[in-house]
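In what follows, a structure is listed as C-alpha cells, so that the remarks can point back to it.
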Amino acid sequence: MSALTDLLREWMPHQRWFGSKGREWSDVTEEGFLLDQADPVLSVHRVRVSYTDGVSETYLVPLSWRDHPVEELNSAFIGAVPSGERESYAYDAMRDRDATTPWLIHLVNASTIGPMHFHPAGVAYIPEGVPGDILSTEQSNTSLVYGQEAIFKLFRRLEPGLNPDVEVHDALRKTQNPHIASLLGHIEIDDPDPSAEPATVAMLQTFVPNASDGWRLATASVRDLYAEGDLHADEVGGDFAAESERLGAATASVHADMAKVLPTEPADRSWFATVAEQMTARLDAAIAVVPQLAEHADGLRAVYAAVASAQETVVRQRVHGDLHLGQVLRTATGWIVLDFEGEPARPLADRRELDSPMRDVAGMLRSFDYAARHMLVEQPDDSQRAYRAQEWAERNRSAFCAGYSAASGLNPCGDSPLLRAFEADKAVYECVYEARNRPHWLMIPLQSLSRLTAAV
Ligand SMILES: Nc1ncnc2c1ncn2[C@@H]1O[C@H](COP(=O)(O)OP(=O)(O)O)[C@@H](O)[C@H]1O
Ligand SMILES: O=P(O)(O)O[C@H]1O[C@H](CO)[C@@H](O[C@H]2O[C@H](CO)[C@@H](O)[C@H](O)[C@H]2O)[C@H](O)[C@H]1O
C-alpha cells in the first residue's frame, strides 16, 4: 500500500461525507491525476474502498499539495508523503481556498482534463477567478460558495450515471419554477471501465443569498415555544405554521413541474406490492445495523403489508427523494427546494426510479417531527416538553398538508396506508443514518416508530 493510501485510510473515516462509518475496511486503492499544476498543485483521486462485508465504494478526493507545511491550513492537513529526497504536504483541497479556482475556470472553458469533462450550462455568468469558501454545514457532499454568486457541490461518492440533482435541475430549467436555484454547469468523470457511464463529480448552481434554511427556522420556532411555559404553538411569537403552509404549496408546485418535464406513469397493483417488498427488505437490512429496530419489526411489517392491499390512485413521477427541512431555503420571497439527489445511501438507479410524490410529503412530515423533538434529546424525561413538541409537530404537519393540498388539489395527508408506510420507511432509514453519523440522535426516529406502528 502506498504512503498516500495509508494517509487516506486514516483520514477518510473521520470526514462527514464518508458514508460507510462503522464498516471495516479490507482494502483501499487510489488513482489520481493533476487538475492544476499551479501553486498549489491540485490533484484529484478516485479512492476505491472495499469492506469486509463484500461491499466496495469509490470516493472522490481532491488534494492540494505544498512543499512546506502551511500553518493557516492546519485543519485541512492530511499528511506528508515522500517526494524524491523531500516531502510533499497533502491538504484537503476543498478547505484550501487557493486550490478552489481551477474548478470554475475549467467550467467556463468547457475543458476536458484527463478523464474529467466540464460542462457549463451556458445560461448565466460563472464567477471565474473568485476563490470558493467551504460551507460549514457540510453534509453528505462538500460545497464551496463562490462570492455569494454560485455554489459548487462536489459529490463525494462516485457512481456511473448522471446524478439526479443535475438531471432534475436541468429538466426544470424549462419550467422557470420559482422554487429552485438555476443550474450553471456540471462535471463528469469517465469510469475506468469503458463500458460504464461516466459519474457525476460536481454541480454548479446559482447561490441563493440572504436565505435561511428550513431546519434553522423551524428549530428557532420550537425554541420559542419551549421558552414560553404556558402558551401553545399558535400563541407564541415564533409560530411557524404559515411558513409550513407556504412550504407545502412550494413542494406541490415543484412536483407539478417535475411531472410536466420528466416521465410519469400510473402505478399498477404490482407497484404497490413491490414497494411493500422493498420496504420490508430495507427493514431487514436496517435491523442488522440498528438492533433496537427489532422491537418495532412486527408493527412495521404490518404497516408495509397494508400498502400491498391499499386502494389508492398513484401517478408515479420523479420525486425529490430526500426532502427535509435542511433541504429548503427561505428567501425574502419564498421557499427554494434544494438537493434533488435522493437519499445518498441508495444506489443511483433506485434514486432515479419513478415514485409517488407522497414519498417527499412523508420526508417533510418526518422532518417536522425531528425539528420538534431534537431538543428532547437532552431532556428525555421532560413530559411537558414532549407534549408540546408533539403539538408543534402536529400543527406544522397539518399546515404543510393544507398548503400542498390547496396548491395541488390533492389531499396528501388523509388516512393513507401508503403515506404512513413512507413515513415509517423514512424513519427506518433515519435510524441507520443516525446510528452511523449521530448516534446521540438515534432516539429521535426510533421513538417515532411507536406512533407510526400504533393500531394498524
Ligand atoms: N443554491 C444554494 N444557495 C444557497 N445555499 C445553498 C444552495 N444550495 C445549497 N445550499 C446550502 O448548502 C447546504 C447543503 O446543500 P445540499 O445541496 O443539501 O448538499 P448535501 O447533498 O451535502 O446535503 C444546504 O442546506 C444549504 O444551506
Ligand atoms: O441533506 P443530506 O442529503 O445529507 O441528508 C442526510 O442528512 C440529513 C441530516 O442532515 C438527514 O436528515 C435527518 O436529519 C435532519 C435534521 O438534521 C431532519 O430534518 C430530517 O428530517 C432527518 O431525516 C437525511 O435523512 C440524510 O439523508
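Labeling convention for the C-alpha cells: chains A, B, ... as they appear, residues from 1 per chain, ligands from 1 in order of appearance.
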
Quick one: contact table of region 288-362 of chain A to region 234-248 of chain A, 12 Å max, nearest atom pair and distance in Å to one decimal per residue, counting only C-alpha atoms, chain and number order, as CSV?
residue,atom,partner,partner_atom,distance
A:Leu323,CA,A:Leu247,CA,11.3
A:His324,CA,A:Leu247,CA,10.8
A:Leu325,CA,A:Leu247,CA,9.6
A:Gln327,CA,A:Leu247,CA,11.4
A:Val328,CA,A:Leu247,CA,8.5
A:Leu329,CA,A:Leu247,CA,9.8
A:Arg330,CA,A:Glu243,CA,8.9
A:Thr331,CA,A:Glu243,CA,11.5
A:Thr333,CA,A:Arg246,CA,10.8
A:Gly334,CA,A:Arg246,CA,7.6
A:Trp335,CA,A:Leu247,CA,6.3
A:Ile336,CA,A:Leu247,CA,8.8
A:Val337,CA,A:Leu247,CA,9.1
A:Met358,CA,A:Gly248,CA,11.7
A:Asp360,CA,A:Gly248,CA,10.5
A:Val361,CA,A:Gly248,CA,8.3
A:Ala362,CA,A:Gly248,CA,11.6

For C-alpha atoms, I'd like the residues from the last selection saved as an mmCIF file, in the first residue's frame.
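Full text of selection.cif as output:
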data_model
loop_
_atom_site.group_PDB
_atom_site.id
_atom_site.type_symbol
_atom_site.label_atom_id
_atom_site.label_comp_id
_atom_site.auth_asym_id
_atom_site.auth_seq_id
_atom_site.Cartn_x
_atom_site.Cartn_y
_atom_site.Cartn_z
ATOM 1 C CA LEU A 323 -36.972 16.083 1.253
ATOM 2 C CA HIS A 324 -36.447 17.517 4.716
ATOM 3 C CA LEU A 325 -36.211 20.923 6.390
ATOM 4 C CA GLN A 327 -33.084 20.939 2.032
ATOM 5 C CA VAL A 328 -35.230 24.058 1.755
ATOM 6 C CA LEU A 329 -34.204 27.700 1.930
ATOM 7 C CA ARG A 330 -36.452 30.625 2.854
ATOM 8 C CA THR A 331 -35.591 33.751 0.876
ATOM 9 C CA THR A 333 -39.843 35.999 -1.365
ATOM 10 C CA GLY A 334 -40.483 32.327 -0.643
ATOM 11 C CA TRP A 335 -39.119 28.794 -0.396
ATOM 12 C CA ILE A 336 -36.418 27.241 -2.598
ATOM 13 C CA VAL A 337 -36.109 23.448 -2.752
ATOM 14 C CA MET A 358 -46.087 11.272 -1.296
ATOM 15 C CA ASP A 360 -41.474 13.601 -0.372
ATOM 16 C CA VAL A 361 -44.512 14.645 1.657
ATOM 17 C CA ALA A 362 -43.619 11.861 4.112
#

(request) With only C-alpha atoms and all ligand atoms counted, collect every polymer residue having an atom within 8 Å of ligand 1; state the result as a VMD selection string. (result) chain A and resid 17 135 137 to 143 150 to 151 153 155 181 to 182 205 to 209 211 to 213 326 to 329 338 to 341 344

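Excluding Cys431 (chain A) and any residue on its chain fewer than 3 positions from it, the residues at most 8 Å away by only C-alpha atoms are Ala286, Val290, Ala427, Val428, Glu434, Ala435, Leu442, Pro445 and Leu446 of chain A.
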
(request) Tell me which protein, DNA and RNA residues are within 12 Å of Gly32 (chain A), counting only C-alpha atoms, leaving out same-chain ones fewer than 3 positions away, and put them as number ranges by chain. (result) A: 4-5, 29, 35, 42-48, 59-63, 113-116, 189, 192

Any chance you can output those residues with N, CA, C and O atoms as a compact mmCIF listing (two decimals), in the first residue's frame?
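Writing the result to out_7.txt gives the following:
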# COMPACT_ATOMS: atom_id res chain seq x y z
N LEU A 4 0.26 7.37 0.33
CA LEU A 4 -0.98 8.16 0.21
C LEU A 4 -2.20 7.33 0.63
O LEU A 4 -3.07 7.83 1.37
N THR A 5 -2.28 6.10 0.20
CA THR A 5 -3.46 5.30 0.60
C THR A 5 -3.47 5.09 2.12
O THR A 5 -4.53 5.06 2.74
N THR A 29 -7.56 1.28 -2.75
CA THR A 29 -6.65 1.62 -3.84
C THR A 29 -6.99 3.03 -4.27
O THR A 29 -8.11 3.51 -4.05
N LEU A 35 -5.18 18.17 -11.80
CA LEU A 35 -6.19 19.06 -12.39
C LEU A 35 -5.60 20.45 -12.61
O LEU A 35 -6.02 21.19 -13.50
N LEU A 42 -3.07 20.95 -7.72
CA LEU A 42 -4.36 20.35 -7.34
C LEU A 42 -4.47 18.99 -8.04
O LEU A 42 -4.36 18.91 -9.26
N SER A 43 -4.66 17.94 -7.25
CA SER A 43 -4.81 16.61 -7.85
C SER A 43 -6.17 16.04 -7.42
O SER A 43 -6.72 16.44 -6.39
N VAL A 44 -6.69 15.14 -8.24
CA VAL A 44 -7.99 14.55 -7.94
C VAL A 44 -7.79 13.03 -7.90
O VAL A 44 -7.16 12.46 -8.79
N HIS A 45 -8.34 12.40 -6.86
CA HIS A 45 -8.12 10.97 -6.66
C HIS A 45 -9.44 10.23 -6.55
O HIS A 45 -10.35 10.67 -5.87
N ARG A 46 -9.48 9.11 -7.29
CA ARG A 46 -10.61 8.18 -7.10
C ARG A 46 -10.13 7.13 -6.12
O ARG A 46 -9.17 6.41 -6.41
N VAL A 47 -10.79 7.08 -4.97
CA VAL A 47 -10.33 6.17 -3.92
C VAL A 47 -11.36 5.05 -3.79
O VAL A 47 -12.52 5.31 -3.46
N ARG A 48 -10.92 3.85 -4.09
CA ARG A 48 -11.84 2.71 -4.01
C ARG A 48 -11.61 1.97 -2.70
O ARG A 48 -10.51 1.52 -2.41
N TYR A 59 -14.82 6.91 -3.76
CA TYR A 59 -14.98 8.31 -3.32
C TYR A 59 -14.05 9.21 -4.13
O TYR A 59 -12.98 8.78 -4.57
N LEU A 60 -14.47 10.45 -4.28
CA LEU A 60 -13.64 11.43 -4.97
C LEU A 60 -12.96 12.32 -3.93
O LEU A 60 -13.63 12.92 -3.08
N VAL A 61 -11.64 12.40 -4.02
CA VAL A 61 -10.88 13.18 -3.04
C VAL A 61 -9.92 14.12 -3.76
O VAL A 61 -8.90 13.68 -4.30
N PRO A 62 -10.23 15.43 -3.81
CA PRO A 62 -9.26 16.38 -4.37
C PRO A 62 -8.25 16.79 -3.29
O PRO A 62 -8.62 17.06 -2.15
N LEU A 63 -6.98 16.82 -3.66
CA LEU A 63 -5.92 17.18 -2.72
C LEU A 63 -5.14 18.37 -3.25
O LEU A 63 -4.93 18.49 -4.48
N ILE A 113 -9.98 17.41 -18.84
CA ILE A 113 -8.65 17.20 -18.24
C ILE A 113 -8.59 15.74 -17.86
O ILE A 113 -9.32 15.30 -16.97
N GLY A 114 -7.74 14.99 -18.53
CA GLY A 114 -7.69 13.54 -18.27
C GLY A 114 -9.09 12.96 -18.44
O GLY A 114 -9.77 13.24 -19.44
N PRO A 115 -9.58 12.22 -17.44
CA PRO A 115 -10.90 11.60 -17.59
C PRO A 115 -12.05 12.54 -17.24
O PRO A 115 -13.22 12.16 -17.26
N MET A 116 -11.72 13.81 -16.89
CA MET A 116 -12.76 14.70 -16.34
C MET A 116 -13.28 15.69 -17.40
O MET A 116 -12.48 16.32 -18.09
N ILE A 189 -16.85 12.42 -14.77
CA ILE A 189 -15.57 11.71 -14.88
C ILE A 189 -15.82 10.35 -15.51
O ILE A 189 -16.79 9.66 -15.15
N PRO A 192 -13.37 3.99 -15.04
CA PRO A 192 -12.22 3.21 -15.52
C PRO A 192 -12.68 2.06 -16.44
O PRO A 192 -11.94 1.64 -17.33

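Nearest residue to ligand 2, choosing from A:Ser309, A:Thr219, A:Asn396, A:Ser253 and counting only C-alpha atoms and all ligand atoms: A:Thr219.
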
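Going from CA of Trp271 (chain A) to CA of Val315 (chain A) covers 10.8 Å.
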
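In terms of minimum interatomic distance to Glu159 (chain A), A:Asp191 ranks closest within A:Asp191, A:Asp230, A:Asp67, A:Glu128, counting only C-alpha atoms.
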